[in-house]
Every structure is written in structure tokens, then in C-alpha cells.
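Dumped input_31.txt below, it's compact mmCIF, C-alpha atoms:
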# COMPACT_ATOMS: atom_id res chain seq x y z
CA MET A 1 77.09 123.11 76.30
CA THR A 2 74.08 123.49 78.63
CA ASP A 3 76.14 125.94 80.64
CA MET A 4 76.80 127.96 77.53
CA ILE A 5 73.11 128.10 76.67
CA ILE A 6 72.16 129.17 80.21
CA GLN A 7 74.85 131.85 80.14
CA SER A 8 73.60 133.11 76.79
CA MET A 9 70.09 133.32 78.26
CA GLY A 10 71.60 135.52 80.95
CA GLY A 11 73.09 137.61 78.17
CA ILE A 12 69.66 138.06 76.59
CA ALA A 13 68.22 139.25 79.91
CA ALA A 14 71.15 141.60 80.50
CA VAL A 15 70.91 143.23 77.07
CA TYR A 16 67.12 143.49 77.42
CA GLY A 17 67.64 145.46 80.63
CA PHE A 18 70.36 147.58 79.07
CA ALA A 19 68.17 148.45 76.09
CA ARG A 20 65.59 149.79 78.55
CA ILE A 21 68.15 151.93 80.33
CA LEU A 22 69.44 153.39 77.06
CA GLY A 23 65.89 154.27 76.00
CA VAL A 24 65.75 152.01 72.95
CA PRO A 25 62.20 151.90 71.52
CA LYS A 26 60.20 149.05 73.06
CA LYS A 27 59.91 146.85 69.99
CA PHE A 28 63.69 146.46 69.73
CA TYR A 29 64.30 145.21 73.31
CA VAL A 30 63.87 141.56 72.40
CA TRP A 31 65.83 141.78 69.16
CA ALA A 32 68.75 143.50 70.82
CA GLY A 33 68.63 140.89 73.57
CA ILE A 34 68.66 137.98 71.15
CA ASP A 35 71.47 139.59 69.17
CA GLY A 36 73.58 140.01 72.30
CA GLY A 37 72.77 136.49 73.54
CA ILE A 38 73.82 134.91 70.25
CA GLY A 39 76.99 137.00 70.26
CA TRP A 40 77.91 135.79 73.75
CA PHE A 41 77.16 132.18 72.72
CA VAL A 42 79.52 132.50 69.75
CA TYR A 43 82.14 134.10 72.00
CA LEU A 44 81.96 131.16 74.42
CA LEU A 45 81.86 128.56 71.66
CA VAL A 46 84.79 129.93 69.65
CA GLY A 47 86.68 130.62 72.88
CA ALA A 48 86.24 127.00 73.98
CA MET A 49 87.18 125.65 70.57
CA THR A 50 90.28 127.74 69.96
CA HIS A 51 91.26 128.41 73.61
CA SER A 52 91.59 132.07 72.68
CA GLU A 53 89.47 134.73 74.33
CA LEU A 54 90.47 137.23 71.65
CA LEU A 55 89.30 135.09 68.73
CA GLY A 56 86.06 134.49 70.62
CA ALA A 57 85.56 138.23 71.05
CA PHE A 58 86.31 138.78 67.36
CA PHE A 59 83.72 136.30 66.12
CA GLY A 60 81.21 137.26 68.80
CA ALA A 61 81.42 140.92 67.81
CA ALA A 62 81.21 140.00 64.12
CA VAL A 63 78.02 138.01 64.70
CA ILE A 64 76.53 140.83 66.77
CA SER A 65 77.33 143.36 64.04
CA VAL A 66 75.72 141.20 61.35
CA GLY A 67 72.62 140.74 63.49
CA ALA A 68 72.39 144.46 64.23
CA ASN A 69 72.74 145.34 60.55
CA VAL A 70 70.02 142.87 59.59
CA CYS A 71 67.68 144.29 62.25
CA ALA A 72 68.43 147.85 61.17
CA ARG A 73 67.54 147.00 57.59
CA VAL A 74 64.34 145.16 58.48
CA PHE A 75 63.05 147.79 60.92
CA LYS A 76 64.45 150.86 59.08
CA THR A 77 66.21 152.19 62.14
CA PRO A 78 69.80 153.25 62.91
CA VAL A 79 72.20 150.32 63.39
CA THR A 80 73.36 151.65 66.75
CA MET A 81 69.87 151.13 68.16
CA ILE A 82 70.57 147.38 68.33
CA LEU A 83 74.36 147.48 68.30
CA ILE A 84 75.04 149.58 71.41
CA PRO A 85 73.04 147.42 73.85
CA ALA A 86 74.04 144.14 72.21
CA ASN A 87 77.73 145.06 72.22
CA MET A 88 77.64 145.51 76.01
CA THR A 89 78.02 141.75 76.40
CA LEU A 90 81.53 141.91 74.96
CA VAL A 91 82.74 145.26 76.32
CA PRO A 92 85.64 144.32 78.60
CA GLY A 93 84.25 145.39 81.97
CA ALA A 94 85.88 142.35 83.58
CA GLY A 95 89.29 143.44 82.30
CA MET A 96 88.78 146.91 83.79
CA TYR A 97 88.02 145.42 87.20
CA ARG A 98 91.04 143.10 87.10
CA ILE A 99 93.37 145.98 86.21
CA VAL A 100 92.22 147.95 89.24
CA TYR A 101 92.32 144.89 91.49
CA HIS A 102 95.88 144.05 90.56
CA ILE A 103 97.02 147.65 90.89
CA LEU A 104 95.68 147.67 94.46
CA TYR A 105 96.97 144.17 95.25
CA PRO A 106 100.11 143.90 93.10
CA GLU A 107 101.05 140.40 92.04
CA GLY A 108 103.96 140.40 89.62
CA GLU A 109 103.06 141.86 86.25
CA GLN A 110 99.36 141.00 86.48
CA ALA A 111 98.07 144.59 86.17
CA ALA A 112 100.12 145.22 83.03
CA TYR A 113 99.00 141.89 81.60
CA TYR A 114 95.32 142.66 82.11
CA PHE A 115 95.78 146.21 80.79
CA GLN A 116 97.20 144.82 77.58
CA GLN A 117 94.53 142.12 77.41
CA THR A 118 91.70 144.65 77.87
CA LEU A 119 93.03 146.95 75.16
CA LEU A 120 93.42 143.96 72.83
CA MET A 121 89.83 142.85 73.54
CA ALA A 122 88.50 146.32 72.77
CA GLY A 123 90.64 146.41 69.62
CA MET A 124 89.39 143.00 68.48
CA ILE A 125 85.76 144.08 68.90
CA ALA A 126 86.48 147.26 66.96
CA ILE A 127 88.18 145.38 64.11
CA ALA A 128 85.29 142.90 63.86
CA MET A 129 82.80 145.78 63.68
CA PHE A 130 84.94 147.51 61.05
CA ILE A 131 85.18 144.47 58.80
CA VAL A 132 81.51 143.49 59.06
CA ASN A 133 80.29 147.02 58.43
CA ILE A 134 82.55 147.57 55.43
CA ILE A 135 81.53 144.26 53.84
CA TRP A 136 77.87 144.89 54.69
CA SER A 137 77.74 148.35 53.20
CA SER A 138 79.54 147.29 50.02
CA VAL A 139 77.21 144.29 49.57
CA THR A 140 74.00 146.23 50.22
CA GLY A 141 75.34 149.13 48.16
CA SER A 142 75.83 146.93 45.11
CA MET A 143 72.40 145.38 45.63
CA LYS A 144 70.82 148.82 45.51
CA LYS A 145 72.61 149.60 42.26
CA LYS A 146 71.33 146.44 40.62
CA LYS A 147 67.74 147.22 41.52
CA GLY A 148 68.21 150.80 40.38
CA LEU A 149 67.16 152.15 43.76
CA GLN A 150 70.10 154.47 44.22
CA LYS A 151 69.10 158.07 44.50
CA MET B 1 60.47 177.21 50.27
CA ASP B 2 61.39 178.99 53.48
CA TYR B 3 65.10 178.28 53.65
CA LYS B 4 65.48 179.80 57.10
CA LEU B 5 62.84 177.44 58.50
CA LEU B 6 64.46 174.48 56.74
CA LEU B 7 67.84 175.34 58.21
CA ASP B 8 66.32 175.76 61.68
CA MET B 9 64.66 172.38 61.41
CA ALA B 10 67.89 170.74 60.30
CA VAL B 11 69.73 172.37 63.19
CA PHE B 12 67.17 171.12 65.69
CA ALA B 13 67.55 167.62 64.25
CA GLY B 14 71.33 167.80 64.51
CA ASP B 15 71.17 169.18 68.02
CA ILE B 16 68.89 166.40 69.28
CA LEU B 17 70.98 163.71 67.60
CA MET B 18 74.25 165.03 69.03
CA GLN B 19 72.89 165.39 72.55
CA ASN B 20 71.52 161.89 72.67
CA GLY B 21 74.56 160.01 71.48
CA ALA B 22 74.19 159.46 67.72
CA GLU B 23 77.30 158.76 65.65
CA THR B 24 78.82 161.80 63.91
CA TYR B 25 78.19 160.23 60.54
CA ARG B 26 74.46 159.91 61.26
CA VAL B 27 74.19 163.54 62.36
CA GLU B 28 75.97 164.77 59.24
CA ASP B 29 73.92 162.51 57.00
CA THR B 30 70.57 163.51 58.53
CA VAL B 31 71.25 167.25 58.45
CA TYR B 32 72.59 166.98 54.90
CA ARG B 33 69.55 165.06 53.65
CA ILE B 34 67.17 167.57 55.20
CA LEU B 35 69.06 170.52 53.68
CA GLN B 36 69.20 168.77 50.30
CA LYS B 37 65.43 169.16 50.07
CA SER B 38 66.05 172.86 49.36
CA ASN B 39 67.60 171.96 45.97
CA LEU B 40 70.11 174.78 46.44
CA LYS B 41 73.51 174.64 44.80
CA THR B 42 75.66 174.48 47.92
CA VAL B 43 74.81 172.44 50.99
CA GLN B 44 77.61 171.92 53.48
CA VAL B 45 77.54 170.31 56.90
CA LEU B 46 80.48 169.87 59.26
CA VAL B 47 79.87 167.99 62.48
CA MET B 48 82.34 167.51 65.27
CA MET B 49 81.59 166.01 68.62
CA THR B 50 81.48 169.38 70.37
CA GLY B 51 79.42 171.25 67.81
CA PHE B 52 78.45 171.68 64.19
CA VAL B 53 78.18 174.12 61.27
CA ALA B 54 75.63 174.01 58.46
CA THR B 55 75.50 176.25 55.37
CA LEU B 56 73.02 176.81 52.56
CA ASP B 57 74.11 178.84 49.54
CA ASP B 58 72.99 179.63 46.01
CA PRO B 59 73.99 182.27 43.42
CA THR B 60 70.51 183.82 43.74
CA MET B 61 70.67 184.53 47.49
CA ASP B 62 72.88 185.37 50.46
CA SER B 63 74.30 182.35 52.17
CA LEU B 64 72.77 181.10 55.42
CA THR B 65 75.04 179.63 58.06
CA VAL B 66 74.34 178.31 61.52
CA VAL B 67 76.83 177.30 64.19
CA ARG B 68 75.70 175.27 67.16
CA ARG B 69 77.79 174.35 70.18
CA ILE B 70 76.78 171.10 71.88
CA GLN B 71 77.32 171.12 75.62
CA SER B 72 75.68 168.01 76.98
CA HIS B 73 76.18 164.44 75.84
CA GLY B 74 73.96 161.62 77.01
CA THR B 75 72.54 158.47 75.54
CA ASN B 76 68.85 158.25 74.74
CA LEU B 77 68.36 156.12 71.68
CA GLU B 78 64.61 156.68 71.58
CA LYS B 79 65.09 160.31 70.54
CA ILE B 80 67.48 159.27 67.78
CA ASP B 81 64.82 156.91 66.47
CA GLN B 82 62.20 159.68 66.58
CA VAL B 83 64.40 162.17 64.71
CA ASN B 84 65.19 159.44 62.21
CA GLN B 85 61.46 158.87 61.73
CA ILE B 86 60.64 162.57 61.21
CA SER B 87 63.49 163.23 58.80
CA ARG B 88 62.69 160.07 56.84
CA GLU B 89 59.07 161.15 56.44
CA PHE B 90 60.09 164.70 55.55
CA CYS B 91 62.55 163.55 52.91
CA ASN B 92 59.91 161.23 51.39
CA ASP B 93 57.52 164.22 51.19
CA GLU B 94 55.11 162.65 53.68
CA LEU B 95 55.42 165.72 55.91
CA THR B 96 55.41 169.38 54.89
CA LEU B 97 58.22 171.61 56.11
CA GLU B 98 55.98 173.31 58.70
CA GLN B 99 54.76 170.01 60.14
CA ALA B 100 58.26 168.59 60.31
CA PHE B 101 59.56 171.78 61.95
CA LYS B 102 56.81 171.69 64.59
CA GLN B 103 57.43 168.04 65.41
CA MET B 104 61.20 168.51 65.55
CA LYS B 105 60.92 171.56 67.79
CA ALA B 106 58.52 169.77 70.14
CA LEU B 107 61.01 166.91 70.35
CA TRP B 108 63.84 169.34 71.02
CA LYS B 109 61.95 171.18 73.76
CA GLU B 110 60.79 168.09 75.59
CA LYS B 111 63.14 167.57 78.53
CA GLU B 112 62.41 164.35 80.31
CA PRO B 113 63.14 164.18 84.01
CA PRO B 114 65.49 161.28 84.86
CA LYS B 115 63.60 158.05 85.41
CA ILE B 116 64.39 155.41 87.97
CA ARG B 117 64.68 152.07 86.22
CA LEU B 118 64.85 149.54 89.04
CA LEU B 119 63.60 146.56 87.09
CA ALA B 120 65.88 147.15 84.11
CA PHE B 121 68.94 147.49 86.37
CA ALA B 122 68.08 144.32 88.31
CA LEU B 123 67.54 142.42 85.07
CA LEU B 124 70.80 143.78 83.68
CA THR B 125 73.08 142.98 86.61
CA GLY B 126 71.37 139.64 87.33
CA GLY B 127 71.58 138.76 83.65
CA PHE B 128 75.26 139.65 83.46
CA ALA B 129 75.97 137.53 86.54
CA VAL B 130 74.33 134.53 84.89
CA MET B 131 76.15 135.36 81.67
CA PHE B 132 79.53 135.30 83.40
CA GLY B 133 78.66 131.86 84.80
CA SER B 134 77.41 132.51 88.34
CA ASN B 135 75.11 130.24 90.34
CA TRP B 136 71.55 131.30 91.22
CA ALA B 137 72.34 132.73 94.62
CA GLU B 138 74.98 135.02 93.11
CA ALA B 139 72.61 136.08 90.34
CA ILE B 140 70.02 137.13 92.94
CA VAL B 141 72.60 139.06 94.96
CA ALA B 142 73.72 140.78 91.75
CA ALA B 143 70.12 141.73 90.95
CA VAL B 144 69.66 143.22 94.44
CA VAL B 145 72.88 145.21 94.09
CA GLY B 146 71.58 146.33 90.69
CA LEU B 147 68.68 147.96 92.52
CA VAL B 148 71.18 149.84 94.69
CA GLY B 149 73.03 150.95 91.55
CA ALA B 150 69.77 152.18 89.98
CA ALA B 151 68.83 154.17 93.07
CA VAL B 152 72.27 155.77 93.41
CA GLN B 153 72.48 156.68 89.72
CA PHE B 154 68.97 158.12 89.85
CA SER B 155 69.79 160.37 92.80
CA CYS B 156 73.06 161.46 91.16
CA LYS B 157 71.15 162.39 87.99
CA LYS B 158 68.54 164.24 90.07
CA GLY B 159 71.28 166.24 91.76
CA HIS B 160 72.90 167.09 88.37
CA MET B 161 76.21 165.69 89.49
CA HIS B 162 79.19 165.85 87.16
CA MET B 163 79.48 162.72 84.99
CA PHE B 164 82.89 161.86 86.39
CA VAL B 165 81.79 162.08 90.02
CA GLU B 166 78.57 160.25 89.21
CA ASN B 167 80.46 157.28 87.82
CA ILE B 168 82.79 157.19 90.82
CA VAL B 169 79.89 157.34 93.29
CA CYS B 170 77.89 154.69 91.44
CA SER B 171 80.67 152.13 91.15
CA LEU B 172 81.84 152.84 94.71
CA SER B 173 78.38 152.27 96.19
CA VAL B 174 77.91 149.13 94.12
CA ALA B 175 81.22 147.69 95.33
CA VAL B 176 80.46 148.57 98.97
CA ALA B 177 76.95 147.10 98.71
CA ILE B 178 78.45 143.86 97.41
CA GLY B 179 80.96 143.80 100.25
CA PHE B 180 78.31 144.19 102.94
CA LEU B 181 75.75 141.87 101.33
CA THR B 182 78.21 139.02 100.87
CA ALA B 183 79.44 139.46 104.44
CA ALA B 184 75.92 139.54 105.88
CA LEU B 185 74.45 136.66 103.90
CA PRO B 186 75.32 133.02 104.65
CA GLY B 187 77.33 131.06 102.11
CA THR B 188 80.32 132.02 100.00
CA TYR B 189 80.11 134.27 96.98
CA ASP B 190 82.47 135.05 94.13
CA THR B 191 83.04 138.75 94.88
CA ASP B 192 85.03 139.36 91.66
CA LEU B 193 82.22 138.05 89.50
CA LEU B 194 79.62 140.08 91.41
CA ILE B 195 81.56 143.31 91.06
CA ILE B 196 82.17 142.72 87.36
CA SER B 197 78.46 142.13 86.70
CA CYS B 198 77.30 145.06 88.78
CA ILE B 199 79.60 147.72 87.27
CA MET B 200 78.43 146.83 83.75
CA PRO B 201 75.73 149.57 83.67
CA PHE B 202 78.45 152.19 84.17
CA VAL B 203 81.02 150.81 81.72
CA PRO B 204 81.45 153.05 78.61
CA GLY B 205 79.98 150.65 76.05
CA ALA B 206 78.11 153.28 74.04
CA ALA B 207 81.19 155.51 73.82
CA ILE B 208 83.37 152.64 72.57
CA THR B 209 80.84 151.60 69.93
CA ASN B 210 80.44 155.18 68.73
CA ALA B 211 84.21 155.73 68.69
CA VAL B 212 84.57 152.78 66.33
CA PHE B 213 81.74 153.98 64.10
CA ASP B 214 83.08 157.52 63.86
CA THR B 215 86.58 156.33 63.01
CA LEU B 216 85.16 153.93 60.44
CA HIS B 217 83.37 156.74 58.64
CA GLY B 218 86.49 158.90 58.57
CA ASP B 219 85.41 161.27 61.35
CA TYR B 220 88.76 160.93 63.05
CA LEU B 221 88.39 163.94 65.32
CA SER B 222 85.09 162.72 66.74
CA GLY B 223 86.42 159.18 66.93
CA LEU B 224 89.36 160.27 69.05
CA ALA B 225 87.12 162.47 71.19
CA ARG B 226 84.81 159.54 71.89
CA ALA B 227 87.73 157.25 72.65
CA ALA B 228 88.90 159.87 75.16
CA GLU B 229 85.38 160.00 76.59
CA ALA B 230 85.40 156.21 76.99
CA PHE B 231 88.77 156.41 78.76
CA VAL B 232 87.56 159.10 81.16
CA ILE B 233 84.42 157.11 82.04
CA ALA B 234 86.48 153.94 82.47
CA LEU B 235 88.89 155.84 84.70
CA ALA B 236 86.04 157.11 86.90
CA VAL B 237 84.57 153.63 87.24
CA ALA B 238 88.02 152.24 88.03
CA ILE B 239 88.56 154.85 90.76
CA GLY B 240 85.16 153.95 92.20
CA ILE B 241 85.96 150.24 92.29
CA GLY B 242 89.35 150.95 93.81
CA MET B 243 87.77 152.97 96.59
CA GLY B 244 85.16 150.24 97.08
CA LEU B 245 87.84 147.57 97.41
CA PHE B 246 89.65 149.80 99.90
CA VAL B 247 86.49 150.20 101.99
CA MET B 248 85.95 146.44 101.91
CA ALA B 249 89.49 145.81 103.06
CA ALA B 250 89.34 148.45 105.80
CA VAL B 251 85.88 147.72 107.21
CA LEU B 252 85.38 144.03 106.51
CA GLY B 253 89.00 142.96 106.61
CA ARG B 254 89.38 141.31 103.24

Now that the file is in, can you turn its structure into C-alpha cells?
Amino acid sequence: MTDMIIQSMGGIAAVYGFARILGVPKKFYVWAGIDGGIGWFVYLLVGAMTHSELLGAFFGAAVISVGANVCARVFKTPVTMILIPANMTLVPGAGMYRIVYHILYPEGEQAAYYFQQTLLMAGMIAIAMFIVNIIWSSVTGSMKKKKGLQK
Amino acid sequence: MDYKLLLDMAVFAGDILMQNGAETYRVEDTVYRILQKSNLKTVQVLVMMTGFVATLDDPTMDSLTVVRRIQSHGTNLEKIDQVNQISREFCNDELTLEQAFKQMKALWKEKEPPKIRLLAFALLTGGFAVMFGSNWAEAIVAAVVGLVGAAVQFSCKKGHMHMFVENIVCSLSVAVAIGFLTAALPGTYDTDLLIISCIMPFVPGAAITNAVFDTLHGDYLSGLARAAEAFVIALAVAIGIGMGLFVMAAVLGR
């Protein structure tokens, strides 16, 4: 558990740095970082509980998307401002490296396995983002209608 | 209202958004909202990743159409936020058309020279190392290699290198730096973990996220184009790592 928290702290630092590189406005650095850190924590937690990296990635990405949508609403800024840096924690860079490594040093079907695994990870993240965004926009859309704010 | 000026302003907005990595949906939405302020009968916007078309038409006038081809694609979220701010204020009538046009044009003209972001890179790679479960020594090595990555990317950007070559050079130099550092320093290091953390700045995260968003909003052409972009970047990074591993094996014998 302590390990998970330390690792998530690392995630916060990493996303903070990434937000700077992408040129995110200063006030969002910390929020993007926290969003990414929480996402990584959920990924680790669900992964440890279910022994499935893919489920972890799904729930991690879902939590990140919810956080990014909340931030976007509060600060009146595009969702991607938070989402792109925060999502970097889950983007399968490790899978990419393992594919190349096992192509150069072939060991059975390892390269094909990691290729499939990487595509599945990316797909899982995409599906989580899809579902959260669809639910989010339908919920906030109906809220607007009730308050009569729709233009 | 000066429709020509309005259209020009909307085109500047779209141009800035496209060049700095906004989702297709956001570009279409922003340009559409700006053009809607004209209260004309027909307002049409079509945005694809490589360019866009915008039209204003009304029975009382000739139609106005602008086509813009977008050549360069980068990621600078700050500009997206600024365009968002200006168009929001314009649509809420807090800015007049002339003011909004001036601000948008100034934003469009401003070409920032590439910045070297040593601290951010070190924080990023060190942070990723910790995130993937490294010990402190490995995190520090990762941060140092992050500095190398920052310097190499900066000089590539300065030299206007092609994106593909830039990604190869960056990931190659990062992998080689890791090989030499871990060989020179005492103690044992997890080379896999270090390489994974240090290539993260070059991995196509923004392209993947945007591909999903575009597909979600029904912009299938742009979605596929972005997915292809992500694949090309990933391929370049992979080639770089492969070459790096080769150098490590040839020079350091592992």
C-alpha cells in the first residue's frame, strides 16, 4: 500500500512535468498532476485486486476522465487541457519498449504477446474514455435543460 | 457587422487550434460559434485534420467561403486555452469584433522559439521512474537522462528536423545515455525500467487521446488520421530504442 502511494506521488510529479512540456497554463499543472496520480493509484489498486492489468487500465482511465471533466467544468477550459497530460500515466510506453526488445531478442512468441497486450491496453483506455465522456455529457446536458440554460 | 472580418477571425481561431493540437470537434465548435454571431441563415464548417472549410451565406448577399490548409501539427495547449478564452468572451459580447480580431491575429502571428525545459523533463522522467516502482538511485539516473532527452529534443527542434527523425534521434540518445550511465556508475540498475521511463516524453500520448476524442465525436476521418499519426510516432520511437539497444549490445556487450 505504501509502495502504491509512493508510486502515485511519482505519477503526480511526472504529469506535472509533462503539463509543463505541453504548455498547459500554469494553474492547471497541479490539477493535472493530481488527476494523473489518482488514476495511477486506481490502476495499481484494481490491478492488484483483480490481477488484471487491463481492468486496472480501464478503471484508471475512467477515473482520470471523470477528474478531467470535473476540472474542465470548474475552470471553464477544454477537457484535453487536463486529460492529455494526465492520460500519459496510462499510455502503454512500457508495452512499446517490450515489443521492440523481444523483436531484437526473440524469445518464443513474446513480441506478438506484447504487441497484442499493448493494443488491448490502448483500446481499454479508449473505451473507458468513451464511456465516461458519453455518460458525462448526457448527465450535464440534462442538467442544463432542467435549469433552462440551454441556448 | 463586417462579415469578412468575422470570417477572418474565425479562420485565425481555427488555424491556431488545429496547429496546436486541439480535437477536431473543438475546432469545428469554436469556428461555428464565432460565425453564428453573424446571425446569417447558413453557417457551415467542415474540419479535417489536414485543413478546413468555412462558409457564410444569406439570401441577401453573396456567399463567403474560406479554405485553409494546415501544414504543421504540434502540441501547445496554452494557445488552445487562449483561443478558447477569446472566443468565449467574444460570444458573450464582452469583446467587440475588432478587439477579438486583433487579439486573435496577434496570437496567430506570435511564433515562439522552442524552449529548453530541463527541469520539466527531469521531473517527468524521474517521476515516471518512481511511478513504475524504481528505487531512489534509479529515479535519479532517470532524471539525469531526462536532462539529456531535453537537450537533444531542443537541438532537434532548433534545427527544424523532421518529426520522424527527431523522435528516432531522441529515443536513441536516451537509450545510449542510459547504457553508458548504468555502465559507468557503481551498483546495478534495472535498464528496462529506466528506458521505459525515459522514452515517455516521446510516446504519442496526445495523439492517442485526440484520436479517441475525434472518433467519439463522429469525426472518423480525423480520428483515423490521428491514430495513424500515433502509429508513426510510436514506430519512430521504437526504431530509436532498437538502435539504442543495438549500440548497447555492440559497445558495452550486453

Listed atoms of range 5-9 of chain A, axis-aligned box, 4 Å per side: centre and edge lengths to one decimal in Å, as AutoDock Vina command-line options?
--center_x 72.5 --center_y 130.7 --center_z 78.4 --size_x 12.8 --size_y 13.2 --size_z 11.5

*Would you work out the distance separating CA of Asn167 in chain B from CA of Asn135 in chain B, expressed in Å to one decimal?*
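Taking CA of Asn167 in chain B and CA of Asn135 in chain B, their separation equals 27.7 Å.
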
Find the residues of chain B that sit at most 9 Å from chain A; for each, write down the nearest two atoms and how far apart they are in Å, to one decimal. Count all atoms listed in the file. Sort by chain, then by number going up, and give it as JSON lines.
{"residue": "B:Ala22", "atom": "CA", "partner": "A:Thr80", "partner_atom": "CA", "distance": 7.9}
{"residue": "B:Glu23", "atom": "CA", "partner": "A:Thr80", "partner_atom": "CA", "distance": 8.2}
{"residue": "B:Arg26", "atom": "CA", "partner": "A:Pro78", "partner_atom": "CA", "distance": 8.3}
{"residue": "B:Thr75", "atom": "CA", "partner": "A:Leu22", "partner_atom": "CA", "distance": 6.1}
{"residue": "B:Asn76", "atom": "CA", "partner": "A:Gly23", "partner_atom": "CA", "distance": 5.1}
{"residue": "B:Leu77", "atom": "CA", "partner": "A:Val24", "partner_atom": "CA", "distance": 5.0}
{"residue": "B:Glu78", "atom": "CA", "partner": "A:Val24", "partner_atom": "CA", "distance": 5.0}
{"residue": "B:Lys79", "atom": "CA", "partner": "A:Gly23", "partner_atom": "CA", "distance": 8.2}
{"residue": "B:Ile80", "atom": "CA", "partner": "A:Pro78", "partner_atom": "CA", "distance": 8.1}
{"residue": "B:Asp81", "atom": "CA", "partner": "A:Thr77", "partner_atom": "CA", "distance": 6.6}
{"residue": "B:Asn84", "atom": "CA", "partner": "A:Thr77", "partner_atom": "CA", "distance": 7.3}
{"residue": "B:Gln85", "atom": "CA", "partner": "A:Thr77", "partner_atom": "CA", "distance": 8.2}
{"residue": "B:Arg117", "atom": "CA", "partner": "A:Ile21", "partner_atom": "CA", "distance": 6.8}
{"residue": "B:Leu119", "atom": "CA", "partner": "A:Gly17", "partner_atom": "CA", "distance": 7.7}
{"residue": "B:Ala120", "atom": "CA", "partner": "A:Gly17", "partner_atom": "CA", "distance": 4.3}
{"residue": "B:Phe121", "atom": "CA", "partner": "A:Gly17", "partner_atom": "CA", "distance": 6.2}
{"residue": "B:Ala122", "atom": "CA", "partner": "A:Gly17", "partner_atom": "CA", "distance": 7.8}
{"residue": "B:Leu123", "atom": "CA", "partner": "A:Gly17", "partner_atom": "CA", "distance": 5.4}
{"residue": "B:Leu124", "atom": "CA", "partner": "A:Ala14", "partner_atom": "CA", "distance": 3.9}
{"residue": "B:Thr125", "atom": "CA", "partner": "A:Ala14", "partner_atom": "CA", "distance": 6.6}
{"residue": "B:Gly126", "atom": "CA", "partner": "A:Ala14", "partner_atom": "CA", "distance": 7.1}
{"residue": "B:Gly127", "atom": "CA", "partner": "A:Gly10", "partner_atom": "CA", "distance": 4.2}
{"residue": "B:Phe128", "atom": "CA", "partner": "A:Ala14", "partner_atom": "CA", "distance": 5.4}
{"residue": "B:Ala129", "atom": "CA", "partner": "A:Gly10", "partner_atom": "CA", "distance": 7.4}
{"residue": "B:Val130", "atom": "CA", "partner": "A:Gly10", "partner_atom": "CA", "distance": 4.9}
{"residue": "B:Met131", "atom": "CA", "partner": "A:Gln7", "partner_atom": "CA", "distance": 4.0}
{"residue": "B:Phe132", "atom": "CA", "partner": "A:Gln7", "partner_atom": "CA", "distance": 6.7}
{"residue": "B:Gly133", "atom": "CA", "partner": "A:Gln7", "partner_atom": "CA", "distance": 6.0}
{"residue": "B:Ser134", "atom": "CA", "partner": "A:Gln7", "partner_atom": "CA", "distance": 8.6}
{"residue": "B:Asp192", "atom": "CA", "partner": "A:Tyr97", "partner_atom": "CA", "distance": 8.1}
{"residue": "B:Leu193", "atom": "CA", "partner": "A:Ala94", "partner_atom": "CA", "distance": 8.2}
{"residue": "B:Ile195", "atom": "CA", "partner": "A:Tyr97", "partner_atom": "CA", "distance": 7.8}
{"residue": "B:Ile196", "atom": "CA", "partner": "A:Ala94", "partner_atom": "CA", "distance": 5.3}
{"residue": "B:Ser197", "atom": "CA", "partner": "A:Ala94", "partner_atom": "CA", "distance": 8.1}
{"residue": "B:Ile199", "atom": "CA", "partner": "A:Gly93", "partner_atom": "CA", "distance": 7.4}
{"residue": "B:Met200", "atom": "CA", "partner": "A:Gly93", "partner_atom": "CA", "distance": 6.3}
{"residue": "B:Pro201", "atom": "CA", "partner": "A:Phe18", "partner_atom": "CA", "distance": 7.3}
{"residue": "B:Val203", "atom": "CA", "partner": "A:Gly93", "partner_atom": "CA", "distance": 6.3}
{"residue": "B:Pro204", "atom": "CA", "partner": "A:Val91", "partner_atom": "CA", "distance": 8.2}
{"residue": "B:Gly205", "atom": "CA", "partner": "A:Met88", "partner_atom": "CA", "distance": 5.6}
{"residue": "B:Ala206", "atom": "CA", "partner": "A:Ile84", "partner_atom": "CA", "distance": 5.5}
{"residue": "B:Ala207", "atom": "CA", "partner": "A:Ile84", "partner_atom": "CA", "distance": 8.9}
{"residue": "B:Ile208", "atom": "CA", "partner": "A:Ala122", "partner_atom": "CA", "distance": 8.1}
{"residue": "B:Thr209", "atom": "CA", "partner": "A:Ile84", "partner_atom": "CA", "distance": 6.3}
{"residue": "B:Asn210", "atom": "CA", "partner": "A:Thr80", "partner_atom": "CA", "distance": 8.2}
{"residue": "B:Ala211", "atom": "CA", "partner": "A:Ala126", "partner_atom": "CA", "distance": 8.9}
{"residue": "B:Val212", "atom": "CA", "partner": "A:Ala126", "partner_atom": "CA", "distance": 5.9}
{"residue": "B:Phe213", "atom": "CA", "partner": "A:Phe130", "partner_atom": "CA", "distance": 7.8}
{"residue": "B:Leu216", "atom": "CA", "partner": "A:Phe130", "partner_atom": "CA", "distance": 6.5}
{"residue": "B:Ala234", "atom": "CA", "partner": "A:Met96", "partner_atom": "CA", "distance": 7.5}
{"residue": "B:Leu235", "atom": "CA", "partner": "A:Met96", "partner_atom": "CA", "distance": 9.0}
{"residue": "B:Val237", "atom": "CA", "partner": "A:Met96", "partner_atom": "CA", "distance": 8.6}
{"residue": "B:Ala238", "atom": "CA", "partner": "A:Val100", "partner_atom": "CA", "distance": 6.1}
{"residue": "B:Ile239", "atom": "CA", "partner": "A:Val100", "partner_atom": "CA", "distance": 8.0}
{"residue": "B:Ile241", "atom": "CA", "partner": "A:Tyr97", "partner_atom": "CA", "distance": 7.3}
{"residue": "B:Gly242", "atom": "CA", "partner": "A:Val100", "partner_atom": "CA", "distance": 6.2}
{"residue": "B:Leu245", "atom": "CA", "partner": "A:Tyr101", "partner_atom": "CA", "distance": 7.9}
{"residue": "B:Phe246", "atom": "CA", "partner": "A:Leu104", "partner_atom": "CA", "distance": 8.4}

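Of note, CA of Asp62 in chain B and CA of Met104 in chain B are spaced 25.5 Å apart.
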
*Pick from A:Tyr113, A:Phe59, A:Phe28, A:Val132 nearest to Val74 in chain A, counting all atoms listed in the file*: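 Once distances to Val74 in chain A are computed over all atoms listed in the file, the minimum belongs to A:Phe28.
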
*asked:* Rounded to one decimal, what separation in Å do you get between CA of Gly67 in chain A and CA of Ile34 in chain B?
replied: 28.6 Å

*Long-range neighbours of Met18 in chain B as a ChimeraX atom specification, 8 Å cut-off, all atoms listed in the file, 5 positions minimum in chain*: /B:23-24,27,49,70,73

*Long-range neighbours of Arg69 in chain B as a count of residues only, 9 Å cut-off, all atoms listed in the file, 6 positions minimum in chain*: 5
